[in-house]
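Only one structure is covered here, and it is reproduced in the block below.
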Amino acid sequence: MESNPPVPVVCAIIVRDDRIMIAQRPPDKKLGGLWEFPGGKVEPGESAEAALHRELHEELGCSVQITRSLPTFVHAYSWGSIELIPFLCELVADSPEPHPHEHTALVWAEREQLRAYELAPADVPLLTALL
């Protein structure tokens, strides 16, 4: 039985013109080469919303508006569990275009196309909510 509580991780499902942005993880990181909804760990004392804005600014250089929060869930990896905290978002009007500062690539995919990408395992259940 695992003794550590799950690590809280936020992710953004950024929607534009009925397309959703996904980002490819760098090959040298955990889950390298897999696609994900961008985001990252919530720091101690930080709200999930603040973590989302910080991570998107760091990773993509963009600003979003949260339109809806989705149900959180826990996913267990071999190295530990995460509590995924997903948010539906859209870019704010004056946001710079997202740019992959930490990812290998970014794609704006139509909802039906998302299944064609190999997503990180924790992100796969979100497809059900989106499709």
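Each chain in the structure tokens gets a letter, A, B, ..., in the order shown, and its residues are numbered from 1; ligands are numbered from 1 in order too.
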Exercise. Identify, on the basis of only C-alpha atoms, every residue whose closest approach to Thr67 of chain A does not exceed 12 Å; exclude the query and any residue fewer than 2 positions from it along the same chain; express the result as a list of chain:residue names.
Key: A:Ala12, A:Ile13, A:Ile14, A:Val15, A:Glu49, A:Val64, A:Gln65, A:Ser69, A:Leu70, A:Pro86, A:Phe87, A:Leu88, A:Cys89, A:Glu90, A:Leu91, A:Val92
Same residues, N, CA and C atoms, saved as a compact mmCIF listing (two decimals), in the first residue's frame:
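After the write, again_34.txt holds the following:
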# COMPACT_ATOMS: atom_id res chain seq x y z
N ALA A 12 -4.53 22.06 -18.20
CA ALA A 12 -5.41 22.96 -18.94
C ALA A 12 -5.87 22.30 -20.22
N ILE A 13 -7.17 22.28 -20.40
CA ILE A 13 -7.75 21.86 -21.66
C ILE A 13 -8.12 23.17 -22.35
N ILE A 14 -7.19 23.65 -23.19
CA ILE A 14 -7.36 24.95 -23.82
C ILE A 14 -8.11 24.77 -25.13
N VAL A 15 -9.26 25.41 -25.23
CA VAL A 15 -10.13 25.26 -26.40
C VAL A 15 -10.10 26.55 -27.22
N GLU A 49 -5.84 27.04 -9.21
CA GLU A 49 -5.97 28.04 -10.27
C GLU A 49 -4.68 28.83 -10.45
N VAL A 64 -4.50 32.37 -19.88
CA VAL A 64 -5.82 31.78 -20.13
C VAL A 64 -6.84 32.30 -19.14
N GLN A 65 -8.08 32.09 -19.54
CA GLN A 65 -9.21 32.33 -18.65
C GLN A 65 -9.82 30.96 -18.41
N SER A 69 -14.15 24.21 -14.19
CA SER A 69 -13.29 23.17 -13.63
C SER A 69 -13.99 21.83 -13.84
N LEU A 70 -13.20 20.80 -14.08
CA LEU A 70 -13.72 19.45 -14.29
C LEU A 70 -13.43 18.62 -13.05
N PRO A 86 -8.21 19.06 -13.60
CA PRO A 86 -8.33 19.62 -14.94
C PRO A 86 -9.24 20.86 -14.98
N PHE A 87 -8.88 21.78 -15.87
CA PHE A 87 -9.67 22.99 -16.10
C PHE A 87 -9.89 23.18 -17.59
N LEU A 88 -11.12 23.52 -17.98
CA LEU A 88 -11.38 23.96 -19.34
C LEU A 88 -11.01 25.44 -19.40
N CYS A 89 -10.28 25.83 -20.43
CA CYS A 89 -9.78 27.20 -20.53
C CYS A 89 -9.88 27.70 -21.96
N GLU A 90 -9.74 29.01 -22.08
CA GLU A 90 -9.53 29.61 -23.39
C GLU A 90 -8.48 30.69 -23.23
N LEU A 91 -7.77 30.97 -24.32
CA LEU A 91 -6.77 32.04 -24.28
C LEU A 91 -7.48 33.36 -24.05
N VAL A 92 -6.88 34.24 -23.24
CA VAL A 92 -7.45 35.58 -23.10
C VAL A 92 -7.13 36.35 -24.38
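Our summary of the geometry notes that atom CA of Ile22 of chain A is positioned 19.7 Å from atom CA of Ala93 of chain A.
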Quiz item: Can you list, as a PyMOL selection string, every residue of chain A that DSSP puts in strand (DSSP E or B)?
Solution: chain A and resi 7-16+19-24+35-36+39-41+64-69+73-77+80-91+105-110+119
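Atom CA of Glu58 of chain A sits 20.8 Å away from atom CA of Glu83 of chain A.
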